[in-house]
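**Q** Starting off with a structure, shown below.
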Amino acid sequence: MLSQFIARLRAAPGLVVLVVVAAGAVYAFVELVDEVMEGDSRAFDEKILLALRSPGDTGDPIGPWWVQTLFTDITSLGSTTVVSLITLAVLGYLIIEGKRAIALLVLISVAGGAGLSSALKLGFDRPRPDLVAHLVDERTLSFPSGHAMVSAVTYLTLGALLAQVHGRGRMKAYILGVAVMLTLLIGTSRIYLGVHWPTDVIAGWCAGTAWAIGCWVVAAWLQAEGAIERD
């Protein structure tokens with residue numbers, strides 16, 4: 001049980017690093033909450049949002065016209081519809097392959113992360129930015145960014161799952177790198193489109209990363225117990 005898991009940690013230094021990263025992400029999230037609730041992040045948030053708009057026109061984003069189209073397309077990768085379709089496709093594959101325990105863990109990870117995101121939004125009750133024009137329509141609360149958090153949970157979890165079946169270190173690094181890149185791009189798109197304060201997105205990344213890593217650690221524990229498939 002616990003002793004087996006500790007032995008697994010000792011045998012897998014990478015898992016120890018992940019636990020440390022998760023702890024750091026939680027700490028960063030708590031610090032951000034403190035800054036946001038006290039209003040100390042306002043100057044930082046406003047400076048970033050205004051830097052992404054043409055001087056004198058908060059409705060005109062910087063860059064050529066196609067940049068807005070690019071970020072609008074990227075932001076959809078973190079939408080509930082796209083994330084749900086990707087997750088359902090992966091769940092179907094795992095079930096067909098007979099990996100029902102892993103499928104359940106993936107479902108709990110993604111659905112739990114989405115539920116936690118919604119609960120945090122309601123708890124902090126931070127309004128959307130009113131400093132610049134929104135380039136896409138959003139009607140929910142702002143902190144933390146749901147797109148940033150749920151994309152971190154989904155793409156990091158699925159990236160880790162896919163990387164686990166590849167023995168080569170380069171391929172694992174590539175897969176996880178793509179997952180991280182998608183997560184960062186989706187969060188950045190929310191700031192560029194003006195629908196989130198930068199601290200919303202950073203907090204979403206922190207919370208989503210911590211949640212995803214927590215699920216990985218639970219998976220390692222359950223594998224050590226033989227409760228889920230090892231391969």
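Chain lettering (A, B, ...) mirrors the order of the structure tokens, residue numbering begins at 1 for each chain separately, and ligand numbering begins at 1 in order of display.
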Quick check for you: according to DSSP on this backbone, which residues of region 35-202 of chain A are classed as strand (DSSP E)? Reply as a list in words.
**A**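 Strand (DSSP E) assignments inside region 35-202 of chain A correspond to Arg53, Ser54, Asp57, Thr58, Gly59, Asp60 and Pro61 of chain A.
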**Q** Can those selected residues be exported to a file as a short mmCIF file (atom, residue, chain, number, x, y, z; two decimals), in the first residue's frame so that it contains C-alpha atoms?
**A**
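Result written to out-v1.cif:
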data_model
loop_
_atom_site.label_atom_id
_atom_site.label_comp_id
_atom_site.auth_asym_id
_atom_site.auth_seq_id
_atom_site.Cartn_x
_atom_site.Cartn_y
_atom_site.Cartn_z
CA ARG A 53 -4.52 46.56 -28.14
CA SER A 54 -3.74 49.39 -30.54
CA ASP A 57 -8.53 51.79 -29.53
CA THR A 58 -9.26 49.00 -27.03
CA GLY A 59 -11.35 47.21 -29.63
CA ASP A 60 -8.48 46.79 -32.10
CA PRO A 61 -6.02 43.98 -31.25
#
**Q** Can you list, as a PyMOL selection string, every protein, DNA or RNA residue that comes within 7 Å of region 131-146 of chain A when you count only C-alpha atoms, leaving out same-chain residues fewer than 2 positions away?
**A** chain A and resi 58-59+117+120-121+124-129+148-150+193-196+200-201+203-204
**Q** Write the residues of the selection above to a file with C-alpha atoms, as a PDB file, in the first residue's frame.
**A**
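The file below, selection-v9.pdb, is the result:
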ATOM      1  CA  THR A  58      -9.259  49.001 -27.033  1.00  0.00           C
ATOM      2  CA  GLY A  59     -11.350  47.210 -29.634  1.00  0.00           C
ATOM      3  CA  SER A 117     -12.893  24.896 -12.440  1.00  0.00           C
ATOM      4  CA  LEU A 120     -13.597  27.928  -8.257  1.00  0.00           C
ATOM      5  CA  LYS A 121     -15.242  30.420 -10.621  1.00  0.00           C
ATOM      6  CA  PHE A 124     -14.136  33.715  -6.393  1.00  0.00           C
ATOM      7  CA  ASP A 125     -16.900  35.409  -8.436  1.00  0.00           C
ATOM      8  CA  ARG A 126     -14.510  37.626 -10.427  1.00  0.00           C
ATOM      9  CA  PRO A 127     -16.098  39.504 -13.351  1.00  0.00           C
ATOM     10  CA  ARG A 128     -14.697  39.325 -16.867  1.00  0.00           C
ATOM     11  CA  PRO A 129     -12.351  42.153 -17.948  1.00  0.00           C
ATOM     12  CA  ALA A 148      -6.622  27.386 -19.362  1.00  0.00           C
ATOM     13  CA  MET A 149      -7.413  25.016 -16.503  1.00  0.00           C
ATOM     14  CA  VAL A 150      -9.427  22.397 -18.383  1.00  0.00           C
ATOM     15  CA  LEU A 193      -9.084  37.920 -27.143  1.00  0.00           C
ATOM     16  CA  GLY A 194      -9.682  40.073 -24.070  1.00  0.00           C
ATOM     17  CA  VAL A 195     -11.979  37.644 -22.249  1.00  0.00           C
ATOM     18  CA  HIS A 196      -9.637  36.966 -19.326  1.00  0.00           C
ATOM     19  CA  ASP A 200      -7.018  34.314 -14.572  1.00  0.00           C
ATOM     20  CA  VAL A 201      -5.046  32.336 -17.135  1.00  0.00           C
ATOM     21  CA  ALA A 203      -4.141  30.636 -12.121  1.00  0.00           C
ATOM     22  CA  GLY A 204      -5.899  28.240 -14.526  1.00  0.00           C
TER      23      GLY A 204
END
**Q** Please report the interatomic distance between CA of Thr157 (chain A) and CA of Tyr174 (chain A) in Å with one decimal.
**A**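 Result for CA of Thr157 (chain A) versus CA of Tyr174 (chain A): 14.6 Å, one decimal.
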**Q** Excluding same-chain residues fewer than 6 positions from Asp40 (chain A), what lies within 12 Å of it counting only C-alpha atoms, as a list in words?
**A**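 Here the qualifying residues turn out to be Glu31, Leu32, Val33, Asp34, Glu46 and Thr199 of chain A.
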**Q** Could the residues in this selection be saved with N, CA and C atoms as a compact mmCIF listing (two decimals), in the first residue's frame?
**A**
# COMPACT_ATOMS: atom_id res chain seq x y z
N GLU A 31 -0.84 32.00 -3.98
CA GLU A 31 -0.27 33.35 -4.00
C GLU A 31 -1.04 34.25 -4.97
N LEU A 32 -1.42 33.71 -6.11
CA LEU A 32 -2.20 34.49 -7.08
C LEU A 32 -3.56 34.88 -6.51
N VAL A 33 -4.20 33.95 -5.83
CA VAL A 33 -5.48 34.25 -5.20
C VAL A 33 -5.34 35.42 -4.25
N ASP A 34 -4.28 35.40 -3.45
CA ASP A 34 -4.04 36.47 -2.49
C ASP A 34 -3.86 37.81 -3.20
N GLU A 46 -3.92 45.00 -16.22
CA GLU A 46 -4.28 46.07 -17.16
C GLU A 46 -3.14 46.35 -18.14
N THR A 199 -3.94 37.12 -14.98
CA THR A 199 -3.87 36.32 -13.74
C THR A 199 -4.91 35.21 -13.73
**Q** List as number ranges by chain the protein and nucleic acid residues near Ser84 (chain A), meaning an atom at most 10 Å away when only C-alpha atoms are counted, but skip any in the same chain fewer than 5 places from it.
**A** A: 78-79, 89-90, 110-111, 154
**Q** Taking the backbone alone, and naming residues the way the document does, which bits of region 14-144 of chain A are helix (DSSP H, G or I) by DSSP, as number ranges by chain?
**A** A: 14-38, 42-51, 65-78, 80-96, 100-124
**Q** Need the shell around region 68-71 of chain A: protein/DNA/RNA residues with any atom at most 9 Å away, counting only C-alpha atoms. Skip same-chain ones fewer than 5 positions apart. Format as a ChimeraX atom specification?
**A** /A:61-63,76,135,185-186,188-190,192-193
**Q** Those residues with C-alpha atoms, as a PDB file, in the first residue's frame please?
**A**
ATOM      1  CA  PRO A  61      -6.018  43.978 -31.254  1.00  0.00           C
ATOM      2  CA  ILE A  62      -2.387  44.353 -32.283  1.00  0.00           C
ATOM      3  CA  GLY A  63      -1.076  42.431 -35.280  1.00  0.00           C
ATOM      4  CA  SER A  76     -11.814  26.659 -29.485  1.00  0.00           C
ATOM      5  CA  LEU A 135     -13.313  39.500 -29.361  1.00  0.00           C
ATOM      6  CA  LEU A 185      -1.409  28.594 -26.606  1.00  0.00           C
ATOM      7  CA  ILE A 186      -5.005  28.123 -25.472  1.00  0.00           C
ATOM      8  CA  THR A 188      -2.608  32.899 -24.243  1.00  0.00           C
ATOM      9  CA  SER A 189      -5.488  33.110 -26.710  1.00  0.00           C
ATOM     10  CA  ARG A 190      -7.863  33.994 -23.867  1.00  0.00           C
ATOM     11  CA  TYR A 192      -5.329  38.163 -26.542  1.00  0.00           C
ATOM     12  CA  LEU A 193      -9.084  37.920 -27.143  1.00  0.00           C
TER      13      LEU A 193
END
**Q** What is the distance, in Å and to one decimal place, between CA of Ala28 (chain A) and CA of Thr81 (chain A)?
**A**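 Pair CA of Ala28 (chain A) / CA of Thr81 (chain A) returns 28.9 Å.
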**Q** Near region 95-108 of chain A, within 12 Å and counting only C-alpha atoms, which residues show up once chain neighbours fewer than 2 positions away are dropped, as an mmCIF file with C-alpha atoms, in the first residue's frame?
**A**
data_model
loop_
_atom_site.group_PDB
_atom_site.id
_atom_site.type_symbol
_atom_site.label_atom_id
_atom_site.label_comp_id
_atom_site.auth_asym_id
_atom_site.auth_seq_id
_atom_site.Cartn_x
_atom_site.Cartn_y
_atom_site.Cartn_z
ATOM 1 C CA VAL A 83 -12.482 18.857 -24.983
ATOM 2 C CA SER A 84 -15.530 16.616 -24.524
ATOM 3 C CA ILE A 86 -11.537 14.414 -27.610
ATOM 4 C CA THR A 87 -12.099 12.859 -24.189
ATOM 5 C CA LEU A 88 -14.980 10.703 -25.435
ATOM 6 C CA ALA A 89 -12.866 9.500 -28.364
ATOM 7 C CA VAL A 90 -10.038 8.506 -26.011
ATOM 8 C CA LEU A 91 -12.459 6.815 -23.606
ATOM 9 C CA GLY A 92 -13.954 4.794 -26.472
ATOM 10 C CA TYR A 93 -10.486 3.674 -27.557
ATOM 11 C CA VAL A 110 -11.099 15.475 -16.962
ATOM 12 C CA ALA A 111 -14.613 15.695 -15.509
ATOM 13 C CA GLY A 112 -13.256 16.400 -12.030
ATOM 14 C CA GLY A 113 -10.983 19.133 -13.349
ATOM 15 C CA ALA A 114 -13.872 20.760 -15.205
ATOM 16 C CA GLY A 115 -16.066 20.564 -12.113
ATOM 17 C CA LEU A 116 -13.348 22.064 -9.926
ATOM 18 C CA VAL A 153 -6.021 18.934 -17.243
ATOM 19 C CA THR A 154 -7.102 17.334 -20.521
ATOM 20 C CA TYR A 155 -4.059 17.711 -22.748
ATOM 21 C CA LEU A 156 -1.502 17.023 -20.032
ATOM 22 C CA THR A 157 -3.408 13.929 -18.868
ATOM 23 C CA LEU A 158 -3.877 12.560 -22.385
ATOM 24 C CA GLY A 159 -0.324 13.521 -23.324
ATOM 25 C CA ALA A 160 1.041 11.605 -20.346
ATOM 26 C CA LEU A 161 -1.150 8.622 -21.219
ATOM 27 C CA LEU A 162 0.107 8.598 -24.809
ATOM 28 C CA TRP A 211 -4.816 18.558 -10.777
ATOM 29 C CA ALA A 212 -3.352 16.657 -13.737
ATOM 30 C CA GLY A 214 -2.290 14.679 -8.859
ATOM 31 C CA CYS A 215 -4.173 12.287 -11.126
ATOM 32 C CA TRP A 216 -0.884 10.920 -12.497
ATOM 33 C CA VAL A 217 0.328 10.250 -8.948
ATOM 34 C CA VAL A 218 -2.942 8.519 -8.068
ATOM 35 C CA ALA A 219 -2.569 6.403 -11.209
ATOM 36 C CA ALA A 220 0.955 5.391 -10.161
ATOM 37 C CA LEU A 222 -3.178 2.377 -8.153
ATOM 38 C CA GLN A 223 -0.785 0.671 -10.548
ATOM 39 C CA GLY A 226 -2.577 -3.591 -9.172
ATOM 40 C CA ALA A 227 -5.915 -1.780 -9.262
ATOM 41 C CA ILE A 228 -5.440 -0.496 -12.811
ATOM 42 C CA GLU A 229 -3.617 -1.839 -15.849
ATOM 43 C CA ARG A 230 0.143 -1.476 -15.714
ATOM 44 C CA ASP A 231 0.753 -1.234 -19.453
#
**Q** Calculate how many Å separate CA of Ala23 (chain A) from CA of Ala210 (chain A), rounding to one decimal.
**A** 7.2 Å
